[in-house]
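Participant: Got a structure for you, my_file-v8.txt, holding compact mmCIF, C-alpha atoms.
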```
# COMPACT_ATOMS: atom_id res chain seq x y z
CA MET G 1393 -51.91 61.49 108.68
CA GLU G 1394 -50.68 58.04 107.73
CA SER G 1395 -50.75 57.00 104.11
CA LYS G 1396 -52.40 53.77 103.05
CA ARG G 1397 -48.99 52.15 102.56
CA GLN G 1398 -47.82 53.20 106.03
CA SER G 1399 -50.92 51.77 107.70
CA LYS G 1400 -50.65 48.47 105.78
CA ILE G 1401 -47.00 48.05 106.74
CA ALA G 1402 -47.74 49.05 110.35
CA LYS G 1403 -50.46 46.38 110.58
CA LEU G 1404 -48.14 43.78 109.05
CA LEU G 1405 -45.37 44.66 111.52
CA GLN G 1406 -47.80 44.64 114.46
CA LYS G 1407 -49.04 41.16 113.59
CA ASP G 1408 -45.61 39.65 112.94
CA LEU G 1409 -43.92 41.33 115.92
CA GLY G 1410 -46.69 40.04 118.16
CA GLU G 1411 -46.04 36.49 116.95
CA ILE G 1412 -42.27 36.86 117.38
CA LEU G 1413 -42.56 38.27 120.90
CA GLN G 1414 -44.98 35.50 121.84
CA MET G 1415 -42.61 32.78 120.60
CA GLU G 1416 -39.51 34.33 122.19
CA SER G 1417 -41.16 35.35 125.46
CA ASN G 1418 -40.07 32.34 127.51
CA ARG G 1419 -36.50 32.33 126.21
CA LEU G 1420 -35.77 36.06 126.31
CA PHE G 1421 -38.20 37.64 128.76
CA GLY G 1422 -38.90 35.05 131.44
CA GLY G 1423 -42.42 34.22 130.31
CA ALA G 1424 -43.80 37.75 130.54
CA MET G 1425 -46.76 38.39 128.26
CA ILE G 1426 -45.97 41.12 125.76
CA THR G 1427 -48.60 42.57 123.43
CA VAL G 1428 -47.92 44.91 120.53
CA THR G 1429 -50.63 47.55 120.89
CA LYS G 1430 -49.68 49.98 118.13
CA VAL G 1431 -47.01 50.51 115.48
CA TYR G 1432 -46.32 53.92 113.93
CA ILE G 1433 -44.07 54.01 110.89
CA THR G 1434 -42.32 57.04 109.39
CA LYS G 1435 -43.10 58.26 105.87
CA ASP G 1436 -39.80 56.97 104.51
CA LEU G 1437 -40.51 53.54 106.11
CA SER G 1438 -37.13 53.51 107.87
CA LEU G 1439 -38.27 53.71 111.49
CA ALA G 1440 -41.07 51.95 113.35
CA LYS G 1441 -42.19 53.06 116.80
CA VAL G 1442 -43.56 49.96 118.50
CA TYR G 1443 -45.76 50.37 121.59
CA LEU G 1444 -45.85 47.37 123.91
CA SER G 1445 -48.25 46.46 126.67
CA LEU G 1446 -46.60 44.29 129.34
CA PHE G 1447 -48.31 41.76 131.60
CA LEU G 1448 -47.09 39.30 134.25
CA SER G 1449 -44.14 41.51 135.04
CA LYS G 1450 -43.40 43.28 138.28
CA ASP G 1451 -40.85 45.71 136.85
CA LYS G 1452 -42.09 46.97 133.49
CA GLU G 1453 -39.19 49.38 132.95
CA GLN G 1454 -36.68 46.55 133.34
CA LEU G 1455 -38.64 44.40 130.89
CA ILE G 1456 -38.87 47.16 128.26
CA ASN G 1457 -35.10 47.63 128.61
CA LYS G 1458 -34.65 43.88 127.99
CA VAL G 1459 -36.76 44.18 124.85
CA LYS G 1460 -34.64 47.13 123.70
CA LEU G 1461 -31.51 45.10 124.41
CA HIS G 1462 -32.75 42.32 122.11
CA ALA G 1463 -34.01 44.71 119.41
CA ARG G 1464 -31.46 43.55 116.82
CA GLU G 1465 -32.42 39.91 117.28
CA ILE G 1466 -36.13 40.77 117.11
CA ARG G 1467 -35.54 42.81 113.95
CA HIS G 1468 -33.64 39.90 112.39
CA ASN G 1469 -36.51 37.51 113.18
CA LEU G 1470 -38.93 40.04 111.71
CA ALA G 1471 -36.83 40.28 108.56
CA MET G 1472 -37.01 36.50 108.13
CA LYS G 1473 -40.81 36.67 108.42
CA VAL G 1474 -41.43 39.60 106.04
CA LYS G 1475 -38.59 39.07 103.55
CA ASN G 1476 -41.03 38.47 100.67
CA GLN G 1477 -43.25 41.44 101.53
CA LEU G 1478 -40.84 44.26 102.40
CA ARG G 1479 -37.66 45.35 100.68
CA ALA G 1480 -36.12 46.76 103.85
CA VAL G 1481 -37.11 46.18 107.46
CA PRO G 1482 -37.40 49.42 109.44
CA GLU G 1483 -35.37 50.12 112.55
CA LEU G 1484 -37.42 49.27 115.64
CA HIS G 1485 -37.82 51.58 118.63
CA PHE G 1486 -39.79 50.12 121.52
CA TYR G 1487 -41.93 52.13 123.94
CA LEU G 1488 -44.07 51.19 126.93
CA ASP G 1489 -47.80 51.62 126.32
CA ASP G 1490 -49.34 52.44 129.68
CA SER G 1491 -52.81 53.29 128.39
CA LEU G 1492 -54.33 50.19 130.04
CA ASP G 1493 -52.89 51.23 133.41
CA TYR G 1494 -54.32 54.71 132.87
CA ILE G 1495 -57.77 53.29 132.08
CA ASP G 1496 -57.61 51.00 135.10
CA ASN G 1497 -56.70 53.94 137.33
CA ILE G 1498 -59.63 56.00 136.02
CA GLU G 1499 -62.04 53.11 136.64
CA LYS G 1500 -60.80 52.78 140.23
CA LEU G 1501 -61.30 56.50 140.77
CA LEU G 1502 -64.82 56.36 139.34
CA ASP G 1503 -65.72 53.44 141.59
CA LYS G 1504 -64.87 55.53 144.67
```
Render the structure in this file as structure tokens.
Facilitator:
Amino acid sequence: MESKRQSKIAKLLQKDLGEILQMESNRLFGGAMITVTKVYITKDLSLAKVYLSLFLSKDKEQLINKVKLHAREIRHNLAMKVKNQLRAVPELHFYLDDSLDYIDNIEKLLDK
């Protein structure tokens, strides 16, 4: 169960990471559309698990690896955005959120 503080920080990180990934998409990721679907943060606020939904990309695993490769730069940009709101920016771990693909697959099966 997330505390109120954890959920507030998770929402803040989700919003700001979404903006950062949108701005840096063309430069770092070849114009792929990346959406932050969920952020889970640990109780000690030192680690954030960021789930990303990827669009306009043929190879999603390669794109998520690119995001992981640029994690330090993304974290730095995040720190510049939230420097007045957070004392320390958590370490970011990125994961692929495939729930939309799962839902799409179920809908296709139901249509048959």
Participant: Would you mind listing what lies within 12 Å of Ser1399 (chain G) as a short mmCIF file (atom, residue, chain, number, x, y, z; two decimals) with C-alpha atoms, in the frame of the given file, with only C-alpha atoms counted and same-chain residues fewer than 6 positions away left out?
Facilitator:
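Result written to result_38.cif:
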```cif
data_model
loop_
_atom_site.label_atom_id
_atom_site.label_comp_id
_atom_site.auth_asym_id
_atom_site.auth_seq_id
_atom_site.Cartn_x
_atom_site.Cartn_y
_atom_site.Cartn_z
CA MET G 1393 -51.91 61.49 108.68
CA LEU G 1405 -45.37 44.66 111.52
CA GLN G 1406 -47.80 44.64 114.46
CA LYS G 1430 -49.68 49.98 118.13
CA VAL G 1431 -47.01 50.51 115.48
CA TYR G 1432 -46.32 53.92 113.93
CA ILE G 1433 -44.07 54.01 110.89
CA THR G 1434 -42.32 57.04 109.39
CA LYS G 1435 -43.10 58.26 105.87
CA LEU G 1437 -40.51 53.54 106.11
CA ALA G 1440 -41.07 51.95 113.35
#
```
Participant: So what do you get for CA of Val1481 (chain G) versus CA of Phe1447 (chain G), distance-wise?
Facilitator: 27.0 Å
Participant: Given only C-alpha atoms as the basis, pick out the residue of G:Glu1483, G:Asp1490, G:Asp1496, G:Glu1394 nearest to Leu1439 (chain G).
Facilitator: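 Result for the nearest residue to Leu1439 (chain G): G:Glu1483.
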Participant: Pick out the residues sitting within 9 Å of Val1459 (chain G), and hand them over as a ChimeraX atom specification; count all atoms listed in the file, and ignore anything fewer than 5 positions along from it in its own chain.
Facilitator: /G:1420-1421,1454,1466,1486
Participant: Generate a file of the selected residues that holds C-alpha atoms, formatted as an mmCIF file, in the frame of the given file.
Facilitator:
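Wrote again31.cif, looks like this:
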```
data_model
loop_
_atom_site.group_PDB
_atom_site.id
_atom_site.type_symbol
_atom_site.label_atom_id
_atom_site.label_comp_id
_atom_site.auth_asym_id
_atom_site.auth_seq_id
_atom_site.Cartn_x
_atom_site.Cartn_y
_atom_site.Cartn_z
ATOM 1 C CA LEU G 1420 -35.770 36.060 126.310
ATOM 2 C CA PHE G 1421 -38.200 37.640 128.760
ATOM 3 C CA GLN G 1454 -36.680 46.550 133.340
ATOM 4 C CA ILE G 1466 -36.130 40.770 117.110
ATOM 5 C CA PHE G 1486 -39.790 50.120 121.520
#
```
Participant: Counting all atoms listed in the file, figure out which residue out of G:Ser1438, G:Ser1491, G:Asn1497, G:Thr1427 gets nearest to Ile1456 (chain G).
Facilitator: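 Counting all atoms listed in the file, the residue closest to Ile1456 (chain G) is G:Thr1427.
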Participant: Here is a test: counting all atoms listed in the file, which residue of G:Val1428, G:Ala1480, G:Ala1471, G:Leu1488 is nearest to Leu1455 (chain G)?
Facilitator: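 When distances to Leu1455 (chain G) are compared using all atoms listed in the file, the smallest one comes from G:Leu1488.
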Participant: To one decimal place in Å, what is the distance between CA of Lys1407 (chain G) and CA of Lys1460 (chain G)?
Facilitator: 18.6 Å
Participant: What is the distance, in Å and to one decimal place, between CA of Asn1457 (chain G) and CA of Leu1409 (chain G)?
Facilitator: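 It comes out at 16.7 Å.
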Participant: Name the residues in contact with Asp1489 (chain G) at a cut-off of 6 Å, using all atoms listed in the file, excluding same-chain residues fewer than 2 positions from it; report them as a list in words.
Facilitator: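 Here the answer would be Tyr1443, Leu1444, Ser1445 and Ser1491 of chain G.
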Participant: Please determine, counting only C-alpha atoms, which residue among G:Leu1404, G:Leu1484, G:Leu1478, G:Met1415 has the shortest atom-to-atom distance to Ala1463 (chain G).
Facilitator: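 Comparing G:Leu1404, G:Leu1484, G:Leu1478, G:Met1415 against Ala1463 (chain G), the winner is G:Leu1484.
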Participant: Which one of G:Thr1429, G:Ala1424, G:Glu1499, G:Tyr1494 sits closest to Asp1451 (chain G) if you count all atoms listed in the file?
Facilitator: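 Under the stated criterion, the closest residue is G:Ala1424.
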Participant: Between G:Ile1498, G:Leu1413, G:Ile1401, G:Val1442, which is the closest to Val1474 (chain G) once you count only C-alpha atoms?
Facilitator: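 Of all the options, G:Ile1401 lies closest to Val1474 (chain G).
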Participant: So which residues touch Asp1408 (chain G) within 8 Å, counting all atoms listed in the file, skipping near sequence neighbours fewer than 4 positions away, as a PyMOL selection string?
Facilitator: chain G and resi 1404+1412+1470+1473
Participant: Mind working out the centre and edge lengths of an axis-aligned box for region 1408-1420 of chain G, all listed atoms inside, 6 Å added to each side, rounded to one decimal in Å and written as JSON?
Facilitator:
```
{"center_x": -41.2, "center_y": 36.8, "center_z": 120.2, "size_x": 22.9, "size_y": 21.0, "size_z": 26.6}
```
Participant: Please extract region 1420-1485 of chain G and write it out with C-alpha atoms, as a short mmCIF file (atom, residue, chain, number, x, y, z; two decimals), in the first residue's frame.
Facilitator:
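For reference, decode-v6.cif as written:
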```cif
data_model
loop_
_atom_site.label_atom_id
_atom_site.label_comp_id
_atom_site.auth_asym_id
_atom_site.auth_seq_id
_atom_site.Cartn_x
_atom_site.Cartn_y
_atom_site.Cartn_z
CA LEU G 1420 17.25 10.55 -28.46
CA PHE G 1421 14.68 8.03 -29.67
CA GLY G 1422 14.08 8.76 -33.35
CA GLY G 1423 10.63 10.28 -32.91
CA ALA G 1424 9.05 7.29 -31.18
CA MET G 1425 6.10 8.19 -28.98
CA ILE G 1426 6.78 7.24 -25.37
CA THR G 1427 4.11 7.47 -22.67
CA VAL G 1428 4.72 7.07 -18.95
CA THR G 1429 1.85 4.84 -17.84
CA LYS G 1430 2.72 4.27 -14.18
CA VAL G 1431 5.39 5.12 -11.64
CA TYR G 1432 5.92 3.10 -8.47
CA ILE G 1433 8.22 4.56 -5.84
CA THR G 1434 9.82 2.75 -2.89
CA LYS G 1435 9.04 3.72 0.71
CA ASP G 1436 12.43 5.35 1.18
CA LEU G 1437 11.90 7.36 -2.05
CA SER G 1438 15.24 6.23 -3.48
CA LEU G 1439 14.01 4.13 -6.41
CA ALA G 1440 11.28 4.74 -8.97
CA LYS G 1441 10.03 1.99 -11.26
CA VAL G 1442 8.82 3.72 -14.41
CA TYR G 1443 6.54 1.81 -16.80
CA LEU G 1444 6.57 3.04 -20.40
CA SER G 1445 4.18 2.42 -23.24
CA LEU G 1446 5.90 2.67 -26.63
CA PHE G 1447 4.29 3.63 -29.94
CA LEU G 1448 5.60 4.16 -33.48
CA SER G 1449 8.41 1.71 -32.88
CA LYS G 1450 8.98 -1.59 -34.60
CA ASP G 1451 11.41 -2.98 -32.03
CA LYS G 1452 10.17 -2.11 -28.55
CA GLU G 1453 12.93 -4.00 -26.73
CA GLN G 1454 15.60 -2.00 -28.57
CA LEU G 1455 13.80 1.25 -27.73
CA ILE G 1456 13.47 0.41 -24.03
CA ASN G 1457 17.20 -0.39 -24.00
CA LYS G 1458 17.88 3.05 -25.54
CA VAL G 1459 15.81 4.64 -22.79
CA LYS G 1460 17.79 2.70 -20.17
CA LEU G 1461 21.01 3.81 -21.83
CA HIS G 1462 19.98 7.47 -21.46
CA ALA G 1463 18.63 7.03 -17.91
CA ARG G 1464 21.29 9.27 -16.34
CA GLU G 1465 20.54 12.11 -18.74
CA ILE G 1466 16.79 11.71 -18.19
CA ARG G 1467 17.33 11.71 -14.41
CA HIS G 1468 19.41 14.88 -14.69
CA ASN G 1469 16.68 16.61 -16.70
CA LEU G 1470 14.15 15.44 -14.12
CA ALA G 1471 16.29 16.85 -11.32
CA MET G 1472 16.33 20.25 -13.05
CA LYS G 1473 12.52 20.18 -13.26
CA VAL G 1474 11.78 19.08 -9.67
CA LYS G 1475 14.69 20.72 -7.83
CA ASN G 1476 12.36 22.95 -5.80
CA GLN G 1477 9.95 20.13 -4.92
CA LEU G 1478 12.18 17.16 -4.06
CA ARG G 1479 15.31 17.01 -1.97
CA ALA G 1480 16.71 14.00 -3.82
CA VAL G 1481 15.69 12.56 -7.17
CA PRO G 1482 15.17 8.78 -7.05
CA GLU G 1483 17.10 6.37 -9.23
CA LEU G 1484 15.04 5.51 -12.30
CA HIS G 1485 14.44 1.96 -13.54
#
```
